[in-house]
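A.B. asks: There's a structure below that I have some questions on.
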Amino acid sequence: MTDWDRREFLRITAGAGVTLALPNAGWGAGAAKMVGIQVGAISFVDEGTERVLDILQERGGVNTLFLAVFTYGRGIAGRQIPGQPLPDHGKQEYDLNFHGGNFATPHAEFYKNTVLKETKAPDHGNLDILAEVLPAAKKRGMKVICWLEDVFRADLPNIEKLQERDLYGRNAETLCVNNPEYRNFLTGLVEDYARSYDIDGIMWGSERQGALCDSIAATHDVPPVDPGRVTCFCEFCQAKAKQRGVNAERARQGFLELEKFVRASQGGKRPVDGYYVQFWQLLLRYPELAAWEMLWTYSLRETYAAIYGAVKAAKPGVPVGWHIWHNNSFNPIYRAEQDLQELAKYSDFIKVVMYNNCGGERMALYVDNIGQTVYGDLSKQGLLDFNYAVMNLKEGSYAEIPHTGLSADYVFRETRRALAGVEGTKTLIWPGIDIDIPTEPGNSKCTPDSVKAAVTAALRAGAPGVLLSRKYSEMRLANLSGAGAAIREWKG
């Protein structure tokens with residue numbers, strides 16, 4: 001943490017009665033394993049609250065609900081993604097009119113300092129999913145953690161005032177964490193949940209990265225971000241750059257040159273000295289490229305600290321943590337930015353995504369994407385071998401992994417690495433284990449045995465719990481039972 005970051009964190013949490021001694025809320029050493037599952041409102045609407053809780057406890061051994069209370073995305077809310085096979089529970093139809101938003105009840109007094117006010121999800125009428133699920137869960141001794149996602153719609157009132165600006169000044173669909181309107185919305189939202197409900201925690205996730213990584217397609221996303229649409233270059237980011245001694249205009253010029261390089265590379269035009277050398281020429285000529293990447297990362301960390309401070313000021317005993325994107329397993333630059341010792345200063349827990357079944361397909365997609373830019377000189381297998389070496393993984397070939405997925409050993413290694421990353425702190429690591437996240441036809445699919453092996457690997461590595469992901473509404477019951485079998489049989 002730089003001196004500036006430390007001052008900012010202390011400013012955010014000053015006077016709030018915030019302590020950096022992180023509570024474990026009954027989880028951790030000597031306590032029962034946290035067995036969580038991500039679940040959205042639609043499952044309780046379709047199947048009934050008591051029925052869903054019965055299934056989760058009996059089949060999955062679940063003791064903690066990560067309830068999707070705020071998102072406009074289908075990744076953690078809604079039924080199965082249209083076009084994907086429906087699971088063997090819930091309504092056997094797609095919710096084609098999914099909207100999203102706040103699935104609880106927004107209380108106006110917490111949103112006075114933001115123009116983003118009308119966020120109540122219209123999907124289920126006036127249903128307040130926290131008011132519905134909390135009492136039933138508490139009767140069973142189950143904990144409820146609010147699960148919030150950094151995903152928005154472009155048609156919300158006043159949303160344009162919070163959106164990021166791309167390299168050419170155009171609005172993006174993503175929101176800027178340096179924009180005070182967005183920062184105030186997030187802190188108001190979590191304060192609302194903490195003060196208005198008897199919750200057991202809050203987890204927020206932002207599956208984004210800075211402009212440098214986006215420019216060079218260092219991601220498993222399909223398609224990757226257009227190098228001309230990278231973010232953020234808004235007035236607030238430029239002001240923060242000036243504050244940190246980063247020349248915004250030099251950064252913009254560097255990204256314009258990088259855009260030319262990427263477009264030529266993706267078109268198969270090899271530079272005279274090769275792709276990797278040309279990339280480094282740009283990076284050395286414009287060190288502001290790396291500085292702008294870290295500007296975004298520092299800003300995200302400040303947002304974490306602001307959310308943490310807001311929750312602790314409202315209700316100090318409520319644990320706060322983060323969802324760390326799957327790109328953490330593929331992109332070494334992104335991983336370098338996820339300094340777990342730094343994050344531990346304002347994290348009671350961290351969910352680190354370790355989705356092994358869909359991980360093979362995603363790893364191959366990462367190779368496809370960045371293999372057209374910085375690593376265009378390498379074969380796809382050569383690039384994959386390089387990535388395995390620097391990320392300390394031992395998995396199958398490029399041709400195999402989409403069809404086999406990544407192994408349980410991948411989960412074991414990533415769990416051990418993450419636990420070592422927070423060593424000496426009170427921050428808990430909860431590996432995210434995937435169950436039936438959609439993959440392409442012919443690619444790896446979950447089985448009860450594969451889920452059981454992944455959960456067992458995380459526990460064997462020393463994890464104090466696991467988080468079954470991505471959402472119950474896309475999981476097959478037999479595969480959920482695989483997780484439960486691992487929990488019941490664990491003797492550690």
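In the structure tokens, the first chain shown is A, the next is B, and so on; residue numbers restart at 1 for each chain, and ligands run from 1 in the order shown.
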Which residues, written as an MDAnalysis selection string, have at least one atom at most 9 Å from Pro85 of chain A, with only C-alpha atoms counted and residues fewer than 3 positions away on the same chain left out?
C.D. replies: chainID A and resid 80:82 438 474
A.B. asks: May I have the residues within 10 Å of Ala241 of chain A as a list in words, using only C-alpha atoms and disregarding those fewer than 6 positions away in the same chain?
C.D. replies: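 Final neighbour list, sorted by chain and number: Phe233, Glu235, Asn247, Ala248, Ala251, Glu288, Ala291, Trp292, Leu295 and Trp296 of chain A.
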A.B. asks: Take the residues that were just selected and, keeping all heavy atoms, output them as a compact mmCIF listing (two decimals), in the first residue's frame.
C.D. replies:
# COMPACT_ATOMS: atom_id res chain seq x y z
N PHE A 233 -11.21 6.74 -19.10
CA PHE A 233 -10.52 8.00 -19.35
C PHE A 233 -11.44 9.19 -19.04
O PHE A 233 -11.34 10.23 -19.67
CB PHE A 233 -10.03 8.05 -20.80
CG PHE A 233 -9.03 6.97 -21.12
CD1 PHE A 233 -9.45 5.72 -21.54
CD2 PHE A 233 -7.67 7.20 -20.96
CE1 PHE A 233 -8.54 4.72 -21.83
CE2 PHE A 233 -6.75 6.20 -21.23
CZ PHE A 233 -7.18 4.95 -21.67
N GLU A 235 -13.27 12.21 -16.59
CA GLU A 235 -12.68 13.34 -15.86
C GLU A 235 -12.20 12.93 -14.47
O GLU A 235 -11.20 13.47 -13.98
CB GLU A 235 -13.72 14.46 -15.73
CG GLU A 235 -14.98 14.05 -14.99
CD GLU A 235 -16.00 15.17 -14.89
OE1 GLU A 235 -15.65 16.22 -14.32
OE2 GLU A 235 -17.14 14.99 -15.38
N ASN A 247 0.76 11.14 -16.23
CA ASN A 247 0.40 12.04 -17.32
C ASN A 247 -0.71 11.41 -18.15
O ASN A 247 -0.48 10.46 -18.91
CB ASN A 247 1.63 12.32 -18.18
CG ASN A 247 1.39 13.39 -19.22
OD1 ASN A 247 0.34 13.41 -19.87
ND2 ASN A 247 2.36 14.27 -19.41
N ALA A 248 -1.92 11.94 -18.03
CA ALA A 248 -3.08 11.36 -18.70
C ALA A 248 -2.96 11.43 -20.22
O ALA A 248 -3.36 10.50 -20.93
CB ALA A 248 -4.36 12.05 -18.24
N ALA A 251 -0.58 8.84 -21.42
CA ALA A 251 -1.23 7.53 -21.34
C ALA A 251 -2.16 7.34 -22.53
O ALA A 251 -2.16 6.28 -23.17
CB ALA A 251 -2.01 7.41 -20.03
N GLU A 288 3.46 5.01 -19.09
CA GLU A 288 2.14 5.39 -18.60
C GLU A 288 1.09 4.31 -18.85
O GLU A 288 0.05 4.27 -18.19
CB GLU A 288 1.68 6.70 -19.25
CG GLU A 288 2.50 7.92 -18.88
CD GLU A 288 3.77 8.07 -19.70
OE1 GLU A 288 4.00 7.25 -20.63
OE2 GLU A 288 4.55 9.01 -19.44
N ALA A 291 1.19 2.36 -15.77
CA ALA A 291 0.71 3.22 -14.69
C ALA A 291 -0.81 3.36 -14.74
O ALA A 291 -1.48 3.39 -13.69
CB ALA A 291 1.37 4.60 -14.77
N TRP A 292 -1.37 3.42 -15.94
CA TRP A 292 -2.82 3.55 -16.08
C TRP A 292 -3.53 2.26 -15.67
O TRP A 292 -4.61 2.29 -15.08
CB TRP A 292 -3.19 3.92 -17.51
CG TRP A 292 -4.50 4.67 -17.59
CD1 TRP A 292 -5.72 4.18 -17.88
CD2 TRP A 292 -4.68 6.08 -17.36
NE1 TRP A 292 -6.67 5.17 -17.84
CE2 TRP A 292 -6.05 6.35 -17.53
CE3 TRP A 292 -3.81 7.12 -17.04
CZ2 TRP A 292 -6.58 7.62 -17.38
CZ3 TRP A 292 -4.34 8.40 -16.88
CH2 TRP A 292 -5.70 8.64 -17.05
N LEU A 295 -3.52 2.38 -12.00
CA LEU A 295 -4.45 3.41 -11.55
C LEU A 295 -5.84 2.79 -11.38
O LEU A 295 -6.54 3.04 -10.39
CB LEU A 295 -4.51 4.56 -12.57
CG LEU A 295 -5.49 5.69 -12.26
CD1 LEU A 295 -4.97 6.54 -11.10
CD2 LEU A 295 -5.70 6.57 -13.49
N TRP A 296 -6.24 1.97 -12.35
CA TRP A 296 -7.55 1.29 -12.26
C TRP A 296 -7.57 0.33 -11.08
O TRP A 296 -8.54 0.27 -10.32
CB TRP A 296 -7.84 0.54 -13.56
CG TRP A 296 -9.29 0.17 -13.69
CD1 TRP A 296 -10.26 0.87 -14.31
CD2 TRP A 296 -9.92 -0.99 -13.14
NE1 TRP A 296 -11.48 0.22 -14.19
CE2 TRP A 296 -11.30 -0.92 -13.48
CE3 TRP A 296 -9.47 -2.08 -12.40
CZ2 TRP A 296 -12.22 -1.90 -13.10
CZ3 TRP A 296 -10.40 -3.06 -12.02
CH2 TRP A 296 -11.75 -2.95 -12.37
A.B. asks: Kindly assemble as JSON lines a list of the segment 22-108 of chain A residues that lie within 6 Å of segment 468-473 of chain A, each paired with its nearest atom pair and their distance in Å to one decimal, using only C-alpha atoms, sorted first by chain and then by ascending residue number.
C.D. replies:
{"residue": "A:Gly36", "atom": "CA", "partner": "A:Leu468", "partner_atom": "CA", "distance": 5.9}
{"residue": "A:Ile37", "atom": "CA", "partner": "A:Leu468", "partner_atom": "CA", "distance": 4.5}
{"residue": "A:Gln38", "atom": "CA", "partner": "A:Lys471", "partner_atom": "CA", "distance": 4.9}
{"residue": "A:Val39", "atom": "CA", "partner": "A:Lys471", "partner_atom": "CA", "distance": 5.0}
{"residue": "A:Ile76", "atom": "CA", "partner": "A:Lys471", "partner_atom": "CA", "distance": 5.5}
{"residue": "A:Arg79", "atom": "CA", "partner": "A:Ser473", "partner_atom": "CA", "distance": 5.4}
A.B. asks: Go through A:Leu148, A:Ala108, A:Ala77, A:Ile199 and flag the residue nearest Leu134 of chain A, using only C-alpha atoms for the distances.
C.D. replies: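 For Leu134 of chain A, the nearest of the given residues is A:Ile199.
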